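Peer 1: Structure: coords-v6.txt, compact mmCIF, C-alpha atoms and all ligand atoms.
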```txt
# COMPACT_ATOMS: atom_id res chain seq x y z
CA MET A 9 264.91 -26.34 217.37
CA LYS A 10 267.12 -29.12 216.05
CA TYR A 11 270.82 -28.41 215.58
CA TRP A 12 274.10 -30.17 214.88
CA VAL A 13 277.63 -29.27 215.99
CA THR A 14 280.78 -30.19 214.08
CA ASN A 15 284.01 -31.19 215.84
CA ASN A 16 285.26 -27.72 215.00
CA GLY A 17 282.39 -26.16 216.97
CA THR A 18 280.39 -24.85 214.02
CA LYS A 19 276.66 -25.08 214.69
CA ILE A 20 274.01 -25.83 212.11
CA TYR A 21 270.47 -24.93 213.18
CA ARG A 22 267.43 -26.16 211.30
CA VAL A 23 265.59 -22.84 211.29
CA LEU A 24 262.76 -24.13 209.13
CA SER A 25 261.28 -27.60 208.81
CA GLY A 26 258.04 -29.11 207.66
CA ARG A 27 257.32 -28.24 204.05
CA SER A 28 260.97 -27.30 203.36
CA ASN A 29 264.04 -27.10 205.54
CA ALA A 30 266.28 -24.08 205.95
CA TYR A 31 269.50 -24.07 207.93
CA LEU A 32 271.65 -21.49 209.66
CA VAL A 33 275.40 -22.18 209.81
CA VAL A 34 276.95 -20.28 212.69
CA ASN A 35 280.37 -19.90 214.31
CA ASN A 36 281.72 -17.29 216.75
CA THR A 37 281.99 -14.57 214.17
CA HIS A 38 279.94 -15.41 211.09
CA ALA A 39 276.64 -16.83 209.94
CA ALA A 40 275.19 -18.06 206.66
CA LEU A 41 271.56 -18.87 205.96
CA ILE A 42 270.94 -21.82 203.66
CA ASP A 43 267.61 -21.51 201.81
CA THR A 44 264.54 -19.54 202.90
CA GLY A 45 261.50 -21.79 202.40
CA THR A 46 258.29 -20.38 200.93
CA SER A 47 257.01 -16.85 201.51
CA SER A 48 254.27 -18.19 203.76
CA ALA A 49 256.94 -19.59 206.11
CA TYR A 50 258.82 -16.29 206.33
CA SER A 51 257.59 -15.19 209.78
CA LYS A 52 258.42 -18.65 211.17
CA LEU A 53 261.89 -18.40 209.62
CA LEU A 54 262.48 -14.99 211.25
CA SER A 55 261.27 -16.09 214.67
CA ASN A 56 263.52 -19.17 214.60
CA ILE A 57 266.55 -17.14 213.49
CA ALA A 58 265.83 -14.74 216.36
CA ARG A 59 266.14 -17.67 218.80
CA VAL A 60 269.73 -18.35 217.70
CA ASP A 61 272.50 -16.62 219.60
CA LEU A 62 274.07 -14.90 216.61
CA GLN A 63 277.48 -13.40 217.33
CA GLY A 64 277.59 -11.51 214.08
CA LYS A 65 275.14 -10.74 211.34
CA ILE A 66 274.09 -13.05 208.54
CA ASP A 67 276.82 -12.51 205.94
CA CYS A 68 275.29 -14.51 203.15
CA LEU A 69 272.32 -16.46 201.93
CA ILE A 70 273.31 -19.59 200.03
CA LEU A 71 270.57 -21.16 197.92
CA THR A 72 270.89 -24.91 197.39
CA HIS A 73 268.81 -24.28 194.26
CA THR A 74 266.10 -21.90 193.13
CA HIS A 75 262.83 -23.82 193.30
CA PHE A 76 260.17 -21.63 194.88
CA ASP A 77 259.93 -23.71 198.07
CA HIS A 78 263.60 -22.94 198.82
CA CYS A 79 264.04 -19.36 197.68
CA GLN A 80 260.72 -17.55 197.81
CA SER A 81 261.97 -15.14 200.50
CA ALA A 82 265.46 -14.62 199.05
CA TYR A 83 264.75 -11.05 198.00
CA LYS A 84 263.44 -10.09 201.46
CA VAL A 85 266.34 -11.79 203.26
CA LYS A 86 268.84 -9.93 201.11
CA VAL A 87 267.20 -6.53 201.62
CA GLU A 88 266.68 -6.94 205.36
CA ASN A 89 270.14 -8.34 206.15
CA GLN A 90 272.14 -6.56 203.47
CA CYS A 91 273.73 -9.92 202.81
CA LYS A 92 275.19 -11.51 199.71
CA ILE A 93 273.33 -14.18 197.79
CA VAL A 94 275.32 -17.20 196.63
CA VAL A 95 273.74 -19.30 193.91
CA SER A 96 274.75 -21.55 191.02
CA LYS A 97 275.68 -19.85 187.77
CA ASN A 98 272.99 -22.06 186.20
CA ALA A 99 270.34 -20.12 188.12
CA GLU A 100 271.27 -16.77 186.58
CA ASN A 101 268.40 -16.63 184.08
CA SER A 102 265.79 -18.08 186.44
CA VAL A 103 266.43 -15.61 189.27
CA ALA A 104 266.27 -12.69 186.85
CA ASN A 105 262.91 -14.02 185.71
CA GLY A 106 261.56 -15.05 189.15
CA TYR A 107 260.70 -18.58 188.16
CA THR A 108 262.54 -21.90 188.01
CA ARG A 109 260.78 -24.66 186.12
CA ILE A 110 259.36 -27.60 188.09
CA PRO A 111 261.63 -30.62 187.43
CA ASN A 112 260.59 -33.95 185.89
CA GLY A 113 258.93 -36.51 188.14
CA THR A 114 260.91 -39.64 189.03
CA PHE A 115 257.80 -41.67 190.03
CA LEU A 116 254.57 -42.13 188.11
CA TYR A 117 252.53 -39.81 190.32
CA THR A 118 255.21 -37.11 190.49
CA LYS A 119 255.48 -37.16 186.68
CA LEU A 120 251.85 -36.12 186.67
CA ILE A 121 252.38 -33.48 189.38
CA SER A 122 255.31 -32.11 187.36
CA LYS A 123 253.12 -31.66 184.29
CA VAL A 124 250.38 -29.91 186.23
CA GLY A 125 252.96 -27.76 188.03
CA ARG A 126 254.51 -26.64 184.77
CA PHE A 127 251.10 -25.78 183.41
CA ILE A 128 250.39 -23.56 186.43
CA GLY A 129 253.95 -22.23 186.30
CA LYS A 130 255.18 -18.88 187.52
CA LYS A 131 251.90 -17.63 188.91
CA ARG A 132 251.93 -20.15 191.74
CA PHE A 133 255.55 -21.30 191.79
CA GLY A 134 257.34 -18.05 191.07
CA TYR A 135 259.26 -15.74 193.43
CA HIS A 136 260.42 -12.14 193.69
CA THR A 137 263.38 -11.64 191.35
CA PHE A 138 266.74 -10.93 192.97
CA SER A 139 270.29 -10.26 191.92
CA PRO A 140 272.86 -12.80 193.05
CA ASP A 141 276.29 -11.63 194.25
CA ILE A 142 278.33 -14.81 193.90
CA LEU A 143 277.76 -17.34 191.13
CA ILE A 144 279.10 -20.87 191.61
CA GLU A 145 280.56 -22.29 188.43
CA ASN A 146 282.63 -25.40 187.69
CA SER A 147 284.70 -25.37 190.82
CA GLU A 148 284.65 -25.63 194.55
CA TYR A 149 283.94 -22.33 196.20
CA ARG A 150 285.17 -21.73 199.70
CA ILE A 151 283.97 -19.40 202.44
CA PRO A 152 286.98 -19.45 204.78
CA SER A 153 285.28 -17.50 207.59
CA LEU A 154 282.89 -20.44 208.10
CA ASN A 155 285.14 -23.26 206.82
CA VAL A 156 282.50 -23.94 204.21
CA LYS A 157 283.07 -25.45 200.79
CA ILE A 158 280.40 -25.32 198.10
CA ILE A 159 280.24 -28.05 195.47
CA GLU A 160 277.96 -28.46 192.48
CA THR A 161 275.52 -31.37 192.89
CA PRO A 162 273.21 -31.17 189.84
CA GLY A 163 270.53 -33.68 188.89
CA HIS A 164 267.46 -32.59 190.82
CA SER A 165 267.99 -29.32 188.98
CA SER A 166 270.92 -27.97 186.98
CA ASP A 167 271.46 -25.27 189.61
CA SER A 168 271.75 -27.58 192.65
CA ILE A 169 274.70 -26.97 194.96
CA SER A 170 275.68 -28.47 198.32
CA ILE A 171 277.32 -26.78 201.25
CA VAL A 172 280.02 -28.80 203.02
CA VAL A 173 280.61 -27.61 206.59
CA ASP A 174 283.97 -28.48 208.21
CA ASN A 175 284.22 -31.40 205.76
CA GLU A 176 281.90 -33.21 208.16
CA ILE A 177 278.26 -32.30 207.51
CA ALA A 178 276.81 -31.38 204.11
CA ILE A 179 273.63 -29.42 203.45
CA VAL A 180 272.46 -30.87 200.16
CA GLY A 181 269.10 -29.29 199.29
CA ASP A 182 267.08 -31.57 197.05
CA ALA A 183 270.06 -33.64 195.88
CA MET A 184 268.72 -36.08 198.50
CA PHE A 185 265.26 -36.58 199.95
CA GLY A 186 264.86 -37.22 203.68
CA VAL A 187 261.16 -38.01 203.90
CA PHE A 188 261.21 -41.77 203.26
CA LYS A 189 262.95 -44.08 205.69
CA ASN A 190 265.13 -46.18 203.38
CA SER A 191 265.25 -44.16 200.19
CA ILE A 192 266.85 -40.83 199.35
CA LEU A 193 265.66 -40.61 195.74
CA THR A 194 263.97 -37.26 195.19
CA PRO A 195 260.43 -37.44 193.73
CA PHE A 196 261.56 -34.89 191.15
CA ALA A 197 264.77 -34.76 189.13
CA ASP A 198 265.64 -33.17 185.83
CA ASN A 199 268.47 -35.64 185.29
CA LYS A 200 268.58 -38.84 187.33
CA ASN A 201 272.03 -39.88 186.05
CA LYS A 202 273.51 -36.61 187.19
CA LEU A 203 271.71 -36.91 190.51
CA VAL A 204 273.37 -40.26 191.21
CA GLU A 205 276.75 -38.84 190.09
CA SER A 206 276.20 -36.05 192.60
CA TRP A 207 275.66 -38.62 195.35
CA LYS A 208 279.13 -39.94 194.48
CA LYS A 209 280.52 -36.42 194.78
CA CYS A 210 279.00 -36.22 198.25
CA LEU A 211 280.55 -39.59 199.15
CA ASP A 212 283.90 -38.24 197.99
CA THR A 213 283.81 -35.71 200.82
CA ASP A 214 284.53 -36.85 204.37
CA CYS A 215 280.99 -35.99 205.46
CA ASN A 216 279.14 -38.47 207.63
CA LEU A 217 275.81 -36.65 207.70
CA PHE A 218 273.72 -35.06 204.98
CA LEU A 219 270.98 -32.52 205.67
CA PRO A 220 268.35 -32.46 202.93
CA GLY A 221 265.86 -29.81 201.80
CA HIS A 222 262.94 -31.95 202.96
CA GLY A 223 262.68 -34.41 205.83
CA HIS A 224 265.30 -35.83 208.18
CA CYS A 225 269.09 -36.05 208.11
CA ILE A 226 270.64 -38.84 206.02
CA SER A 227 273.52 -41.04 207.16
CA ARG A 228 276.57 -41.77 205.04
CA LYS A 229 275.66 -45.44 205.26
CA LEU A 230 272.24 -44.90 203.66
CA LEU A 231 273.75 -42.66 200.99
CA GLU A 232 276.30 -45.37 200.17
CA LYS A 233 273.58 -48.02 199.91
CA GLN A 234 271.44 -45.86 197.66
CA TYR A 235 274.37 -44.93 195.45
CA TYR A 236 275.24 -48.58 194.78
CA ARG A 237 271.58 -49.39 194.23
CA TYR A 238 271.01 -46.70 191.61
CA LYS A 239 274.40 -46.23 189.99
CA THR A 240 274.01 -49.01 187.45
CA LYS A 241 270.30 -48.40 186.90
CA ALA A 242 270.55 -44.69 186.31
ZN ZN B 1 263.66 -28.52 194.48
```
Give the structure from the file, written as structure tokens.
Ligand SMILES: [Zn+2]
Peer 2:
Amino acid sequence: MKYWVTNNGTKIYRVLSGRSNAYLVVNNTHAALIDTGTSSAYSKLLSNIARVDLQGKIDCLILTHTHFDHCQSAYKVKVENQCKIVVSKNAENSVANGYTRIPNGTFLYTKLISKVGRFIGKKRFGYHTFSPDILIENSEYRIPSLNVKIIETPGHSSDSISIVVDNEIAIVGDAMFGVFKNSILTPFADNKNKLVESWKKCLDTDCNLFLPGHGHCISRKLLEKQYYRYKTKA
């Protein structure tokens, strides 16, 4: 299983990869799960978490956003770990309803997929409703026990947040896309301008590595390049 270690010793395990990534942020006393993947990946998620030498229990589940492929097991994770769920305030209505709308496509073919996806809607892309415990709104939120800072990075969706670990590595959900080699533009985004503004927010941290919701890690250098490429166009 792939993992990263910050200079401070905090470990970030990629406990789910493939269709969607999920990460486990761990130090000597605390742990936070970032995203859950789809319900069909749940057993894989559990078996990978079991491989990590957890010193304490999972204190919280932080959702980078509430699209089904990132949060479909949120309810189960909360019940089984008795943990808190941290989510953007903008997700409040969606999580009570168990469905977050598929975003607009940014390419021709994803525009089409978006339309079809919206037509199918909740039945295929819904999730078990859950009640969040901490809502992120208009400010940085800190989890001191893990030296984690949460910032809002909207654009892909209005409820997108990023988790900055030790001011060194950020877990960014779908604010960036790690599947293509030289591009980080997500195939779906509700607001492309805001997405590019969020890239700037990420550059304003000291992070040198960005872990996306899909695909491989993204360097600061590539993020910088992409920001200057899209900032005027957006
Ligand atoms: Zn998404």
Peer 1: Given the choices A:Leu32, A:Ile128, A:Leu231, A:Ile70, which gets closest to Ile158 (chain A) if the distance is worked out from only C-alpha atoms?
Peer 2: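 Result for the nearest residue to Ile158 (chain A): A:Ile70.
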Peer 1: Please report the interatomic distance between CA of Ser165 (chain A) and CA of Cys215 (chain A) in Å with one decimal.
Peer 2: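 Straight-line distance from CA of Ser165 (chain A) to CA of Cys215 (chain A) works out to 22.0 Å.
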Peer 1: Taking all atoms listed in the file and a cut-off of 8 Å, can you tell me which residues surround ligand ZN 1 (chain B), written as a list in words?
Peer 2: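 What falls inside 8 Å of ligand ZN 1 (chain B) is His73, Thr74, His75, Phe76, Asp77, His78, Ile110, Pro111, His164, Ser165, Gly181, Asp182, Phe196 and Gly221 of chain A.
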Peer 1: Could you check the closest approach to Asp67 (chain A) for each of A:Ser170, A:Asn146, A:Ser102, A:Ser153 and tell me which residue wins, using only C-alpha atoms?
Peer 2: A:Ser153
Peer 1: Under the rule that only C-alpha atoms are counted, which of A:Lys97, A:His222, A:Lys209, A:Arg237 is the nearest residue to Gly45 (chain A)?
Peer 2: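 For Gly45 (chain A), the nearest of the candidates is A:His222.
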Peer 1: Do you have the CA of Ile66 (chain A)-CA of Asp43 (chain A) distance handy?
Peer 2: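 A separation of 12.6 Å between them.
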Peer 1: Enter the distance from CA of Ile171 (chain A) to CA of Lys10 (chain A), in Å, rounded to one decimal.
Peer 2: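 Rounded to one decimal, the two atoms are 18.1 Å apart.
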Peer 1: Dig up all the protein and nucleic acid residues within 10 Å of (273.7, -38.5, 189.1) in the file frame, using only C-alpha atoms, and format them as an NGL selection string.
Peer 2: :A and (161-164 or 183 or 197 or 199-209 or 235 or 238-239 or 242)
Peer 1: Could you tell me which of A:Ile144, A:Gly106, A:Ser25, A:Leu219 comes closest to Lys131 (chain A) if we count all atoms listed in the file?
Peer 2: A:Gly106
Peer 1: Find the residues around Ser96 (chain A) up to 7 Å (only C-alpha atoms counted), leave out those fewer than 2 positions away in its own chain, and share them as a list of chain:residue names.
Peer 2: A:Asn98, A:Ala99, A:Leu143, A:Ile144, A:Glu145, A:Asp167, A:Ser168, A:Ile169
Peer 1: Have a look at A:Thr213, A:Val156, A:Asp198, A:Glu88 and name the one nearest to Asn16 (chain A); count all atoms listed in the file.
Peer 2: A:Val156
